[in-house]
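Below is the file run.txt, which contains compact mmCIF, C-alpha atoms and all ligand atoms.
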```txt
# COMPACT_ATOMS: atom_id res chain seq x y z
CA MET A 1 55.74 34.77 -51.11
CA THR A 2 54.10 31.74 -49.50
CA ASN A 3 50.81 30.02 -50.15
CA GLN A 4 48.89 31.14 -47.08
CA ALA A 5 46.47 28.66 -45.53
CA THR A 6 43.04 29.58 -46.77
CA GLY A 7 40.43 28.37 -44.28
CA TRP A 8 38.28 26.81 -47.00
CA THR A 9 35.30 24.91 -45.63
CA ARG A 10 33.95 21.69 -47.04
CA ASP A 11 30.59 23.42 -47.74
CA ALA A 12 32.20 26.26 -49.68
CA ALA A 13 34.30 23.82 -51.72
CA GLN A 14 31.28 21.63 -52.39
CA ALA A 15 29.26 24.68 -53.53
CA LEU A 16 32.00 25.40 -56.07
CA TYR A 17 32.07 21.78 -57.23
CA ASP A 18 28.28 21.81 -57.73
CA LEU A 19 28.22 24.98 -59.84
CA PRO A 20 27.00 24.60 -63.41
CA PHE A 21 30.04 23.31 -65.32
CA MET A 22 30.41 26.50 -67.39
CA ASP A 23 30.30 28.73 -64.32
CA LEU A 24 32.85 26.56 -62.51
CA LEU A 25 35.22 26.59 -65.47
CA PHE A 26 34.80 30.33 -65.99
CA LYS A 27 35.67 30.97 -62.32
CA ALA A 28 38.64 28.58 -62.41
CA GLN A 29 40.00 30.11 -65.62
CA THR A 30 39.60 33.61 -64.17
CA VAL A 31 41.56 32.64 -61.03
CA HIS A 32 44.13 30.90 -63.21
CA ARG A 33 44.68 34.06 -65.31
CA GLU A 34 45.12 36.18 -62.18
CA ASN A 35 48.06 34.03 -61.15
CA PHE A 36 49.60 32.37 -64.20
CA ASP A 37 50.09 32.72 -67.92
CA PRO A 38 47.22 30.47 -69.11
CA ASN A 39 49.14 29.34 -72.20
CA LYS A 40 52.14 27.89 -70.38
CA VAL A 41 52.44 24.44 -68.85
CA GLN A 42 55.35 23.25 -66.71
CA MET A 43 56.95 19.92 -67.66
CA SER A 44 58.41 17.51 -65.09
CA LYS A 45 60.13 14.19 -65.78
CA LEU A 46 59.93 11.20 -63.46
CA LEU A 47 62.45 8.43 -62.88
CA SER A 48 62.00 5.43 -60.64
CA ILE A 49 65.30 5.26 -58.77
CA LYS A 50 64.27 2.16 -56.80
CA THR A 51 61.46 0.01 -58.13
CA GLY A 52 59.22 -2.61 -56.50
CA GLY A 53 59.40 -4.60 -53.27
CA CYS A 54 57.83 -1.83 -51.17
CA ALA A 55 56.78 -2.65 -47.60
CA GLU A 56 53.65 -0.45 -47.72
CA ASP A 57 50.24 -1.75 -48.78
CA CYS A 58 48.86 1.09 -50.96
CA ALA A 59 45.97 -0.62 -52.76
CA TYR A 60 46.62 1.19 -56.05
CA CYS A 61 50.32 0.47 -56.35
CA SER A 62 52.14 -2.00 -58.58
CA GLN A 63 55.24 -1.67 -56.40
CA SER A 64 53.85 -2.94 -53.10
CA ALA A 65 55.30 -6.32 -52.10
CA ARG A 66 52.01 -6.94 -50.30
CA ASN A 67 49.94 -6.69 -53.47
CA GLY A 68 51.41 -9.89 -54.86
CA SER A 69 52.57 -7.87 -57.85
CA LYS A 70 54.98 -9.52 -60.26
CA LEU A 71 57.21 -6.46 -60.40
CA SER A 72 60.62 -7.52 -59.06
CA ALA A 73 62.45 -5.34 -56.54
CA SER A 74 65.44 -3.43 -57.93
CA LYS A 75 68.41 -1.83 -56.16
CA LEU A 76 68.88 1.94 -55.89
CA VAL A 77 69.95 3.19 -59.35
CA GLU A 78 73.54 4.49 -59.78
CA VAL A 79 73.96 8.27 -59.62
CA GLU A 80 75.56 8.46 -63.08
CA ARG A 81 72.56 6.75 -64.71
CA VAL A 82 70.18 9.13 -62.98
CA LEU A 83 72.16 12.11 -64.26
CA THR A 84 72.34 10.73 -67.81
CA GLU A 85 68.53 10.44 -67.80
CA ALA A 86 68.17 13.91 -66.25
CA ARG A 87 70.30 15.43 -69.04
CA LYS A 88 68.04 13.82 -71.66
CA ALA A 89 64.95 15.16 -69.86
CA LYS A 90 66.44 18.66 -69.80
CA ASP A 91 67.19 18.48 -73.53
CA ALA A 92 63.54 17.51 -74.11
CA GLY A 93 62.38 20.65 -72.24
CA ALA A 94 61.69 19.35 -68.71
CA THR A 95 62.49 21.90 -66.00
CA ARG A 96 62.02 19.61 -63.01
CA TYR A 97 63.48 16.15 -62.43
CA CYS A 98 61.53 13.95 -60.00
CA MET A 99 63.13 10.87 -58.52
CA GLY A 100 60.83 8.31 -56.90
CA ALA A 101 61.65 5.32 -54.72
CA ALA A 102 59.38 2.47 -53.64
CA TRP A 103 60.18 2.80 -49.96
CA ARG A 104 58.31 3.28 -46.71
CA GLU A 105 61.23 5.59 -45.86
CA PRO A 106 64.88 5.93 -46.98
CA LYS A 107 67.58 3.98 -45.11
CA GLU A 108 70.65 5.71 -43.70
CA ARG A 109 72.90 3.71 -46.06
CA ASP A 110 71.16 5.29 -49.08
CA MET A 111 71.43 8.93 -48.02
CA ASP A 112 74.84 9.74 -49.57
CA GLN A 113 73.71 8.40 -52.95
CA LEU A 114 70.43 10.37 -52.76
CA ILE A 115 72.33 13.53 -51.92
CA ALA A 116 74.67 13.05 -54.86
CA MET A 117 71.60 12.72 -57.11
CA VAL A 118 70.11 16.00 -55.87
CA GLU A 119 73.44 17.82 -56.25
CA GLY A 120 73.93 16.40 -59.74
CA VAL A 121 70.44 17.41 -60.92
CA LYS A 122 70.91 20.92 -59.47
CA ALA A 123 74.26 21.21 -61.26
CA LEU A 124 72.42 20.61 -64.54
CA GLY A 125 70.30 23.70 -63.81
CA MET A 126 67.10 21.71 -63.23
CA GLU A 127 64.77 21.79 -60.25
CA SER A 128 65.03 18.64 -58.17
CA CYS A 129 62.17 16.70 -56.63
CA MET A 130 62.18 13.46 -54.67
CA THR A 131 59.50 11.12 -53.40
CA LEU A 132 60.97 8.59 -51.01
CA GLY A 133 58.22 7.94 -48.44
CA MET A 134 58.34 9.22 -44.86
CA LEU A 135 61.32 11.33 -43.75
CA ASP A 136 62.73 12.11 -40.30
CA ASP A 137 64.18 15.52 -39.38
CA ASN A 138 67.76 14.53 -40.05
CA GLN A 139 66.92 13.23 -43.54
CA VAL A 140 64.90 16.35 -44.34
CA PHE A 141 67.79 18.63 -43.33
CA ARG A 142 70.34 16.65 -45.32
CA LEU A 143 68.21 16.73 -48.45
CA ARG A 144 67.52 20.45 -48.01
CA ASP A 145 71.22 21.21 -47.55
CA ALA A 146 71.94 19.29 -50.77
CA GLY A 147 69.58 21.70 -52.55
CA LEU A 148 66.40 19.62 -52.91
CA ASP A 149 63.70 21.95 -54.25
CA TYR A 150 60.53 19.83 -53.90
CA TYR A 151 59.40 16.83 -51.93
CA ASN A 152 56.40 14.84 -53.20
CA HIS A 153 54.30 13.06 -50.61
CA ASN A 154 50.64 12.60 -51.51
CA ILE A 155 47.76 12.49 -49.04
CA ASP A 156 46.14 10.41 -51.81
CA THR A 157 42.49 10.77 -50.69
CA SER A 158 40.28 12.11 -47.88
CA GLU A 159 41.14 11.36 -44.26
CA ARG A 160 37.88 9.34 -44.07
CA TYR A 161 38.65 7.10 -47.07
CA TYR A 162 42.40 6.78 -46.47
CA PRO A 163 42.23 3.57 -44.33
CA GLU A 164 40.36 1.85 -47.18
CA VAL A 165 43.40 2.39 -49.37
CA ILE A 166 46.45 2.18 -47.06
CA THR A 167 46.76 0.53 -43.65
CA THR A 168 50.53 0.46 -43.09
CA ARG A 169 50.79 4.22 -42.36
CA THR A 170 48.22 6.82 -41.38
CA PHE A 171 46.91 10.03 -42.89
CA ALA A 172 48.48 11.80 -39.85
CA ASP A 173 51.89 10.23 -40.67
CA ARG A 174 51.66 11.78 -44.13
CA ILE A 175 50.77 15.21 -42.74
CA ASP A 176 53.70 14.99 -40.26
CA THR A 177 56.18 14.40 -43.09
CA LEU A 178 54.64 17.24 -45.13
CA ASN A 179 54.98 19.65 -42.19
CA ARG A 180 58.57 18.57 -41.54
CA VAL A 181 59.47 19.14 -45.20
CA ARG A 182 57.79 22.58 -45.35
CA GLU A 183 59.26 23.75 -42.03
CA ALA A 184 62.75 22.90 -43.32
CA GLY A 185 62.16 25.14 -46.34
CA ILE A 186 61.68 22.48 -49.03
CA LYS A 187 58.70 23.12 -51.31
CA VAL A 188 55.83 20.72 -50.87
CA CYS A 189 54.27 18.69 -53.68
CA SER A 190 51.16 16.87 -52.49
CA GLY A 191 47.98 15.67 -54.11
CA GLY A 192 46.11 12.45 -54.65
CA ILE A 193 44.33 9.96 -56.85
CA LEU A 194 40.77 9.87 -58.19
CA GLY A 195 39.12 6.56 -59.06
CA MET A 196 39.83 4.36 -56.03
CA GLY A 197 36.15 3.85 -55.19
CA GLU A 198 35.92 7.06 -53.16
CA GLU A 199 32.81 9.28 -53.06
CA LYS A 200 32.57 12.75 -54.58
CA GLN A 201 32.76 14.11 -51.01
CA ASP A 202 36.11 12.38 -50.44
CA ARG A 203 37.55 14.08 -53.51
CA ILE A 204 36.40 17.47 -52.28
CA ASP A 205 37.61 16.79 -48.72
CA MET A 206 41.03 15.82 -50.08
CA LEU A 207 41.32 19.23 -51.78
CA VAL A 208 40.13 21.04 -48.63
CA SER A 209 42.78 19.18 -46.57
CA LEU A 210 45.49 20.23 -49.04
CA ALA A 211 44.33 23.86 -49.21
CA ASN A 212 44.18 24.06 -45.42
CA LEU A 213 47.69 22.76 -44.69
CA ASP A 214 49.72 25.44 -42.85
CA GLU A 215 50.66 26.50 -46.36
CA ALA A 216 48.97 25.10 -49.46
CA PRO A 217 51.38 22.83 -51.40
CA ASP A 218 53.43 24.56 -54.10
CA SER A 219 52.55 21.72 -56.42
CA VAL A 220 49.36 19.62 -56.43
CA PRO A 221 49.44 16.42 -58.52
CA ILE A 222 45.99 15.08 -59.38
CA ASN A 223 46.30 11.50 -60.60
CA MET A 224 43.63 9.43 -62.31
CA LEU A 225 44.00 5.85 -61.07
CA MET A 226 45.86 3.68 -63.55
CA PRO A 227 44.52 0.27 -62.49
CA GLN A 228 47.40 -2.15 -61.98
CA ALA A 229 47.13 -5.92 -62.45
CA ASP A 230 47.18 -7.97 -59.21
CA THR A 231 46.34 -4.99 -56.98
CA PRO A 232 43.07 -4.69 -55.01
CA LEU A 233 42.07 -1.82 -57.34
CA ALA A 234 42.77 -3.68 -60.58
CA ASP A 235 39.08 -3.57 -61.55
CA ALA A 236 38.17 -0.13 -60.19
CA ALA A 237 35.56 1.73 -62.24
CA PRO A 238 36.90 4.54 -64.45
CA VAL A 239 36.43 8.18 -63.39
CA ASP A 240 33.95 10.27 -65.37
CA PRO A 241 36.08 12.82 -67.26
CA ILE A 242 33.72 15.70 -66.40
CA ASP A 243 33.99 14.85 -62.68
CA PHE A 244 37.78 14.82 -63.11
CA VAL A 245 37.77 18.27 -64.74
CA ARG A 246 35.55 19.62 -61.94
CA ILE A 247 38.14 18.50 -59.35
CA ILE A 248 40.94 20.20 -61.29
CA ALA A 249 38.86 23.41 -61.38
CA VAL A 250 38.13 23.29 -57.64
CA ALA A 251 41.84 22.63 -56.94
CA ARG A 252 42.74 25.71 -59.01
CA ILE A 253 40.26 27.92 -57.11
CA LEU A 254 41.18 26.61 -53.64
CA MET A 255 44.94 26.84 -54.32
CA PRO A 256 45.27 29.78 -56.73
CA THR A 257 49.06 30.08 -56.75
CA SER A 258 49.93 26.36 -56.74
CA HIS A 259 50.94 24.45 -59.81
CA VAL A 260 48.15 21.91 -60.38
CA ARG A 261 49.62 18.89 -62.14
CA LEU A 262 47.58 16.71 -64.48
CA SER A 263 49.51 13.60 -63.43
CA ALA A 264 49.03 9.85 -63.93
CA GLY A 265 46.28 8.59 -66.23
CA ARG A 266 46.73 10.83 -69.29
CA THR A 267 47.13 7.77 -71.55
CA ASP A 268 43.44 7.11 -70.95
CA MET A 269 42.34 10.72 -71.51
CA SER A 270 41.30 12.21 -74.83
CA ASP A 271 42.94 15.40 -76.11
CA GLU A 272 39.63 17.11 -75.35
CA THR A 273 39.61 16.03 -71.69
CA GLN A 274 43.20 17.18 -71.26
CA ALA A 275 42.37 20.50 -72.95
CA LEU A 276 39.48 20.98 -70.50
CA CYS A 277 41.85 20.21 -67.60
CA PHE A 278 44.24 22.92 -68.85
CA PHE A 279 41.30 25.33 -69.21
CA ALA A 280 40.22 24.44 -65.64
CA GLY A 281 43.68 25.46 -64.38
CA ALA A 282 46.01 22.47 -64.66
CA ASN A 283 49.42 23.87 -65.58
CA SER A 284 51.89 21.07 -65.15
CA ILE A 285 52.33 17.56 -66.57
CA PHE A 286 54.75 14.67 -66.45
CA VAL A 287 56.46 14.20 -69.80
CA GLY A 288 58.15 11.14 -71.29
CA ASP A 289 56.64 7.78 -72.13
CA THR A 290 57.01 6.27 -68.64
CA LEU A 291 55.93 7.58 -65.24
CA LEU A 292 57.52 5.41 -62.54
CA THR A 293 56.43 2.03 -63.89
CA ALA A 294 53.29 2.91 -65.86
CA ASP A 295 52.80 4.36 -69.34
CA ASN A 296 52.54 8.05 -70.13
CA PRO A 297 51.82 9.66 -73.54
CA GLU A 298 54.73 9.75 -76.01
CA GLU A 299 56.58 13.07 -76.15
CA ASP A 300 55.49 13.60 -79.78
CA ASN A 301 51.82 13.30 -78.80
CA ASP A 302 52.21 15.84 -76.02
CA MET A 303 54.02 18.30 -78.27
CA ALA A 304 51.30 17.86 -80.93
CA LEU A 305 48.63 18.56 -78.31
CA PHE A 306 50.51 21.64 -77.06
CA ALA A 307 50.78 22.89 -80.67
CA LYS A 308 47.05 22.39 -81.29
CA LEU A 309 46.22 24.31 -78.11
CA GLY A 310 48.88 27.02 -78.52
CA ILE A 311 50.47 25.97 -75.23
CA LYS A 312 54.16 26.62 -74.66
CA PRO A 313 56.32 24.75 -72.15
CA MET A 314 57.09 26.84 -69.06
CA THR A 315 60.79 27.70 -68.94
CA ALA A 316 62.87 27.65 -65.77
CA GLU A 317 62.57 31.48 -65.64
CA ASP A 318 58.77 31.37 -66.07
CA HIS A 319 58.67 28.91 -63.24
CA CYS A 320 60.45 31.24 -60.83
CA ASP A 321 58.29 34.18 -61.88
CA HIS A 322 54.90 32.51 -61.96
CA ARG A 323 53.37 34.54 -59.15
CA SER A 324 54.10 37.80 -60.93
CA ALA A 325 52.71 36.52 -64.24
CA PRO A 326 50.96 39.17 -66.32
CA GLN A 327 47.24 39.15 -65.65
CA ILE A 328 46.25 38.35 -69.20
CA GLN A 329 42.56 38.90 -69.85
CA PRO A 330 40.82 36.99 -72.62
CA PRO A 331 38.56 38.92 -74.98
CA ASN A 332 34.85 38.97 -74.03
CA LEU A 333 35.28 38.06 -70.38
CA LYS A 334 31.75 39.39 -69.76
CA PRO A 335 29.32 36.76 -68.52
CA PHE A 336 27.00 35.48 -71.24
CA ALA A 337 23.90 37.05 -69.64
CA LYS A 338 25.37 40.56 -69.95
CA VAL A 339 26.36 40.05 -73.58
CA GLU A 340 22.76 39.05 -74.32
CA ALA A 341 21.34 42.08 -72.49
CA ALA A 342 23.47 44.42 -74.60
CA GLU A 343 22.01 43.15 -77.89
N1 LIG B 1 56.82 5.47 -52.27
C1 LIG B 1 56.62 6.86 -52.27
C2 LIG B 1 55.29 7.29 -51.72
O1 LIG B 1 54.32 6.54 -51.87
O2 LIG B 1 55.22 8.37 -51.13
C3 LIG B 1 56.82 7.49 -53.61
C4 LIG B 1 56.29 6.89 -54.89
S1 LIG B 1 54.54 6.73 -55.06
C5 LIG B 1 54.44 5.68 -56.43
C6 LIG B 1 53.94 8.33 -55.54
C7 LIG B 1 52.47 8.51 -55.79
O3 LIG B 1 52.12 8.00 -57.06
C8 LIG B 1 51.47 7.87 -54.86
O4 LIG B 1 51.29 8.59 -53.67
C9 LIG B 1 50.21 7.89 -55.70
O5 LIG B 1 49.46 9.07 -55.47
C10 LIG B 1 50.73 7.86 -57.13
N2 LIG B 1 50.41 6.58 -57.77
C11 LIG B 1 51.01 5.39 -57.52
N3 LIG B 1 50.46 4.40 -58.25
C12 LIG B 1 49.47 4.96 -58.98
C13 LIG B 1 48.52 4.45 -59.91
N4 LIG B 1 48.47 3.17 -60.22
N5 LIG B 1 47.66 5.30 -60.49
C14 LIG B 1 47.70 6.62 -60.17
N6 LIG B 1 48.57 7.15 -59.28
C15 LIG B 1 49.44 6.35 -58.68
C1 LIG B 2 52.37 11.74 -58.33
O1 LIG B 2 51.40 12.27 -57.73
N1 LIG B 2 52.25 10.97 -59.40
C2 LIG B 2 53.54 10.48 -59.81
C3 LIG B 2 54.52 11.20 -58.86
N2 LIG B 2 53.64 11.88 -57.97
C4 LIG B 2 55.56 10.47 -58.16
C5 LIG B 2 53.62 9.00 -59.83
C6 LIG B 2 52.54 8.35 -60.65
C7 LIG B 2 52.77 6.90 -60.63
C8 LIG B 2 51.89 6.17 -61.57
C9 LIG B 2 52.09 4.70 -61.50
C10 LIG B 2 53.45 4.22 -61.92
O2 LIG B 2 54.14 4.80 -62.76
O3 LIG B 2 53.85 3.18 -61.37
FE1 LIG B 3 55.24 1.92 -51.72
FE2 LIG B 3 54.79 4.40 -52.60
FE3 LIG B 3 53.73 2.28 -53.86
FE4 LIG B 3 52.79 2.96 -51.50
S1 LIG B 3 52.73 4.20 -53.36
S2 LIG B 3 53.32 0.86 -52.14
S3 LIG B 3 54.65 3.70 -50.47
S4 LIG B 3 55.88 2.77 -53.70
```

Written as structure tokens, that's how I'd like the structure from this file.
Ligand code: SAM
Ligand code: DTB
Ligand code: SF4
Amino acid sequence: MTNQATGWTRDAAQALYDLPFMDLLFKAQTVHRENFDPNKVQMSKLLSIKTGGCAEDCAYCSQSARNGSKLSASKLVEVERVLTEARKAKDAGATRYCMGAAWREPKERDMDQLIAMVEGVKALGMESCMTLGMLDDNQVFRLRDAGLDYYNHNIDTSERYYPEVITTRTFADRIDTLNRVREAGIKVCSGGILGMGEEKQDRIDMLVSLANLDEAPDSVPINMLMPQADTPLADAAPVDPIDFVRIIAVARILMPTSHVRLSAGRTDMSDETQALCFFAGANSIFVGDTLLTADNPEEDNDMALFAKLGIKPMTAEDHCDHRSAPQIQPPNLKPFAKVEAAE
């Protein structure tokens, strides 16, 4: 089953966003329960396989050589080290291993090593994901033939706001790579970042663009900007947590069968904000104390939060079956007004 393009309009998405918070969350949770087990969250682990020295100028990124960041450029990590880390992630419960490189696009000389990484991760029984920048057809086919499950390539923001954030490649370039990946049969992971100075409308437009791709992405990471020293967005104003939860809820409603990932920025979120994000339909996180270069909550903290909320990690089998998840109904799903009328 595919995620059919939905034809969502900006007005319809905005009307959802502007609902009273309780109504929006009720709707999002209802859609969530129709498509997923609401008490399960998928866990992915990230590894930076090539850090720093990137030729692109993404204003949020610590790895751009153009941002004057002090992060030094590394070489592509050895396959064996990647697989050692992947084994540890699997033992800690992660079902997907995501390998990220600070590149505009991969070079031909790196392809054999990348393919060995995908094959090695697959051999461990984990899903594989890569985020390597733009890909041409030949690279897409080689990665697909190696067994790559997901490719992450974020649109990051609305088409309107995009040039304020990145000038070295266009919004259309990003969509081209996403289409190439999907047409080759690799699952698409695409989302964006809140907190880069964009307007509310840009956040909504970003979700509408994602929902209206030829197929909605299988996985939608929503990142809260983690301001990085020496970047143009180092002093960006924080995102209001309620606005963040609203975007998660709208993402869930616009893309009912996609995994919505509560991604970067959880170190600055309270347990309560994260719980609201899960209630609004987020059902995936990155685990482990480091993302690519930035901090992420310690594993113990995440497991304590899951225990408090009665959330269980999604297993590999759950992941395959998510679209036939039982439609679990909570008690008292009646709207408040009806409960009152009955008294
Ligand atoms: N170089 C590749 C690319 O940009 O496609 C892959 C790695 S890149 C770091 C992956 C994504 O991480 C970006 O598209 C962005 O959405 C997110 N990201 C990067 N830095 C971030 C930050 N400081 N805060 C929040 N999200 C960030
Ligand atoms: C995504 O949307 N977020 C992840 C993943 N895809 C590759 C990356 C977040 C990076 C946060 C900043 C850092 O670790 O450097
Ligand atoms: Fe490079 Fe990716 Fe960072 Fe942009 S987000 S500067 S492409 S590593």

Task: Shell around stretch 18-28 of chain A at 7 Å using all atoms listed in the file, local window under 2 positions removed, as a PyMOL selection string - done: chain A and resi 14-16+30-32+249+252-253+280-281

Open item on the list: Can you pull out the residues contacting A:Asn152? Cut-off 10 Å, using all atoms listed in the file, and skip same-chain residues under 2 positions away; I want them as a list in words.
Closed with: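 Result of the neighbour search: Cys98, Met99, Gly100, Cys129, Met130, Thr131, Leu132, Gly133, Tyr150, Asn154, Ile155, Leu178, Val181, Lys187, Val188, Cys189, Ser190, Gly191, Pro217, Ser219, Val220 and Pro221 of chain A.
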
TODO: Could I get the residue neighbourhood of ligand LIG 1 (chain B) at 6 Å, counting all atoms listed in the file, as a list in words?
DONE: Tyr60, Cys61, Gly100, Ala101, Ala102, Trp103, Thr131, Leu132, Gly133, His153, Asn154, Asp156, Gly192, Ile193, Asn223, Met224, Leu225, Met226, Pro227, Gln228 and Ala264 of chain A

Just the selected residues (C-alpha atoms), exported as a short mmCIF file (atom, residue, chain, number, x, y, z; two decimals), in the frame of the given file, please.
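Heads up, here's the output in part-v3.cif:
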```cif
data_model
loop_
_atom_site.label_atom_id
_atom_site.label_comp_id
_atom_site.auth_asym_id
_atom_site.auth_seq_id
_atom_site.Cartn_x
_atom_site.Cartn_y
_atom_site.Cartn_z
CA TYR A 60 46.62 1.19 -56.05
CA CYS A 61 50.32 0.47 -56.35
CA GLY A 100 60.83 8.31 -56.90
CA ALA A 101 61.65 5.32 -54.72
CA ALA A 102 59.38 2.47 -53.64
CA TRP A 103 60.18 2.80 -49.96
CA THR A 131 59.50 11.12 -53.40
CA LEU A 132 60.97 8.59 -51.01
CA GLY A 133 58.22 7.94 -48.44
CA HIS A 153 54.30 13.06 -50.61
CA ASN A 154 50.64 12.60 -51.51
CA ASP A 156 46.14 10.41 -51.81
CA GLY A 192 46.11 12.45 -54.65
CA ILE A 193 44.33 9.96 -56.85
CA ASN A 223 46.30 11.50 -60.60
CA MET A 224 43.63 9.43 -62.31
CA LEU A 225 44.00 5.85 -61.07
CA MET A 226 45.86 3.68 -63.55
CA PRO A 227 44.52 0.27 -62.49
CA GLN A 228 47.40 -2.15 -61.98
CA ALA A 264 49.03 9.85 -63.93
#
```

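Comparing A:Gly93, A:Gly7, A:Pro241, A:Gly197 by their smallest distance to A:Val287, the closest is A:Gly93 (using only C-alpha atoms).
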
Open item on the list: Here is a test: counting all atoms listed in the file, which residue of A:Val165, A:Gly52, A:Ile311, A:Asn39 is nearest to ligand LIG 2 (chain B)?
Closed with: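 For ligand LIG 2 (chain B), the nearest of the candidates is A:Gly52.
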
Open item on the list: What's the separation between atom CA of A:Met303 and atom CA of A:Ile285, in Å to one decimal place?
Closed with: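 Atom CA of A:Ile285 lies at a distance of 11.8 Å from atom CA of A:Met303.
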
For stretch 40-81 of chain A of the structure just presented, write C-alpha atoms to a file, as a JSON list (two decimals), in the first residue's frame.
```json
[["chain", "number", "residue", "atom", "x", "y", "z"],
["A", 40, "LYS", "CA", 4.06, 2.27, 20.25],
["A", 41, "VAL", "CA", 6.89, 4.50, 19.09],
["A", 42, "GLN", "CA", 9.52, 3.52, 16.53],
["A", 43, "MET", "CA", 13.17, 4.09, 17.48],
["A", 44, "SER", "CA", 15.86, 5.05, 14.95],
["A", 45, "LYS", "CA", 19.55, 5.59, 15.62],
["A", 46, "LEU", "CA", 21.69, 8.11, 13.75],
["A", 47, "LEU", "CA", 25.39, 8.01, 12.97],
["A", 48, "SER", "CA", 27.38, 10.70, 11.24],
["A", 49, "ILE", "CA", 29.47, 8.75, 8.73],
["A", 50, "LYS", "CA", 31.18, 11.88, 7.40],
["A", 51, "THR", "CA", 31.21, 14.99, 9.53],
["A", 52, "GLY", "CA", 31.83, 18.68, 8.74],
["A", 53, "GLY", "CA", 33.37, 20.52, 5.79],
["A", 54, "CYS", "CA", 30.12, 20.53, 3.78],
["A", 55, "ALA", "CA", 29.97, 22.69, 0.64],
["A", 56, "GLU", "CA", 26.32, 23.70, 1.18],
["A", 57, "ASP", "CA", 25.30, 26.83, 3.09],
["A", 58, "CYS", "CA", 22.31, 25.63, 5.18],
["A", 59, "ALA", "CA", 21.96, 28.43, 7.74],
["A", 60, "TYR", "CA", 21.08, 26.04, 10.58],
["A", 61, "CYS", "CA", 23.93, 23.60, 10.16],
["A", 62, "SER", "CA", 27.09, 23.18, 12.21],
["A", 63, "GLN", "CA", 28.64, 21.15, 9.39],
["A", 64, "SER", "CA", 28.65, 23.77, 6.64],
["A", 65, "ALA", "CA", 32.15, 24.94, 5.74],
["A", 66, "ARG", "CA", 30.54, 28.26, 4.77],
["A", 67, "ASN", "CA", 29.21, 28.91, 8.26],
["A", 68, "GLY", "CA", 32.70, 29.40, 9.66],
["A", 69, "SER", "CA", 31.96, 26.58, 12.08],
["A", 70, "LYS", "CA", 34.83, 25.17, 14.09],
["A", 71, "LEU", "CA", 33.80, 21.59, 13.39],
["A", 72, "SER", "CA", 36.67, 19.97, 11.48],
["A", 73, "ALA", "CA", 35.97, 17.86, 8.39],
["A", 74, "SER", "CA", 36.36, 14.10, 8.88],
["A", 75, "LYS", "CA", 36.85, 11.30, 6.33],
["A", 76, "LEU", "CA", 34.15, 8.73, 5.55],
["A", 77, "VAL", "CA", 33.98, 6.33, 8.52],
["A", 78, "GLU", "CA", 35.17, 2.72, 8.02],
["A", 79, "VAL", "CA", 32.44, 0.15, 7.33],
["A", 80, "GLU", "CA", 33.42, -2.01, 10.33],
["A", 81, "ARG", "CA", 33.00, 0.91, 12.75]]
```
